[in-house]
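Enquirer: Sharing a structure below in structure tokens format, with a few things to ask.
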Amino acid sequence: ALPIYTWKRSGGFWYPAKNGFMDWHSNCEVPGPRIYFVWCAEGGKSRFLYSDDGKSVNWITEPAGWSMNIFNIGNKSNQYWHAVDSGGTDRISFGFKTYG
């Protein structure tokens, strides 16, 4: 049987084409899985940046239209640093966290 999860909204954001970004943060105060539904006006511009180890930077370049980013927020001893850069296109995201 598949596990049952309760999802609660963890964020809703509009990143404008001009100077749209969210700086590096870890959300380690509220650890757990996240899923973000992302809409971008233009593909290949907006990026979700992340660091698994706090040293190297990786990113996902997002397509036009809808996509999903799924990741796990660690606790204070195992932080998952992440940021967003709209890259000159409008970007909207709706995030959810699992409970249960």
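Ordering of the structure tokens sets the chain letters (A, B, ...); residue numbers start at 1 within each chain; ligands are numbered from 1 in the order shown.
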What's around Ser56 of chain A at 12 Å? Count only C-alpha atoms, leave out sequence neighbours fewer than 6 positions away in its own chain, and write the answer as a list in words.
Expert: Leu49, Tyr50, Tyr80, Trp81 and His82 of chain A
Enquirer: Write to file, as an mmCIF file, in the first residue's frame, the residues of the selection just made, with N, CA, C and O atoms.
Expert:
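Wrote it out as part37.cif, contents follow:
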data_model
loop_
_atom_site.group_PDB
_atom_site.id
_atom_site.type_symbol
_atom_site.label_atom_id
_atom_site.label_comp_id
_atom_site.auth_asym_id
_atom_site.auth_seq_id
_atom_site.Cartn_x
_atom_site.Cartn_y
_atom_site.Cartn_z
ATOM 1 N N LEU A 49 18.080 26.916 -8.020
ATOM 2 C CA LEU A 49 19.453 26.594 -7.635
ATOM 3 C C LEU A 49 19.452 25.880 -6.292
ATOM 4 O O LEU A 49 18.641 26.197 -5.422
ATOM 5 N N TYR A 50 20.367 24.932 -6.114
ATOM 6 C CA TYR A 50 20.415 24.197 -4.858
ATOM 7 C C TYR A 50 21.828 23.691 -4.591
ATOM 8 O O TYR A 50 22.651 23.577 -5.488
ATOM 9 N N TYR A 80 19.559 21.940 3.334
ATOM 10 C CA TYR A 80 19.418 21.924 1.871
ATOM 11 C C TYR A 80 19.236 23.375 1.424
ATOM 12 O O TYR A 80 18.153 23.948 1.515
ATOM 13 N N TRP A 81 20.344 23.982 0.991
ATOM 14 C CA TRP A 81 20.322 25.381 0.583
ATOM 15 C C TRP A 81 19.757 25.492 -0.828
ATOM 16 O O TRP A 81 20.101 24.709 -1.708
ATOM 17 N N HIS A 82 18.898 26.492 -1.047
ATOM 18 C CA HIS A 82 18.292 26.676 -2.354
ATOM 19 C C HIS A 82 17.944 28.148 -2.580
ATOM 20 O O HIS A 82 17.841 28.932 -1.645
#
Enquirer: Determine, counting only C-alpha atoms, which protein, DNA and RNA residues have an atom within 7 Å of an atom of Met22 of chain A; residues of the same chain fewer than 5 positions away are not included. Present the result as a PyMOL selection string.
Expert: chain A and resi 83-85
Enquirer: Write the residues of the selection above to a file with C-alpha atoms, as a CSV table (one decimal), in the first residue's frame.
Expert:
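again_33.csv written:
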chain,number,residue,atom,x,y,z
A,83,ALA,CA,17.5,29.9,-4.3
A,84,VAL,CA,15.5,31.1,-7.3
A,85,ASP,CA,16.4,33.3,-10.2
Enquirer: I need the residue nearest Gly74 of chain A from this list: A:Gly43, A:Pro31, A:Gly87, A:Pro3. Use only C-alpha atoms for the distance.
Expert: A:Pro31
Enquirer: To one decimal place in Å, what is the distance between atom CA of Leu2 of chain A and atom CA of Ile60 of chain A?
Expert: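 Between these atoms lies a distance of 28.2 Å.
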Enquirer: Could you check how far atom CA of Trp7 of chain A sits from atom CA of Gly44 of chain A, in Å to one decimal?
Expert: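 It comes out at 29.0 Å.
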Enquirer: Which residue is closest to Asp90 of chain A? Choose from A:Glu42, A:Glu29, A:Asp52, A:Glu62 and count only C-alpha atoms.
Expert: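 Nearest candidate to Asp90 of chain A out of A:Glu42, A:Glu29, A:Asp52, A:Glu62: A:Glu42.
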Enquirer: For atom CA of Ser51 of chain A and atom CA of Asn72 of chain A, quote the distance in Å rounded to one decimal.
Expert: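 Computed distance, atom CA of Ser51 of chain A to atom CA of Asn72 of chain A, equals 11.7 Å.
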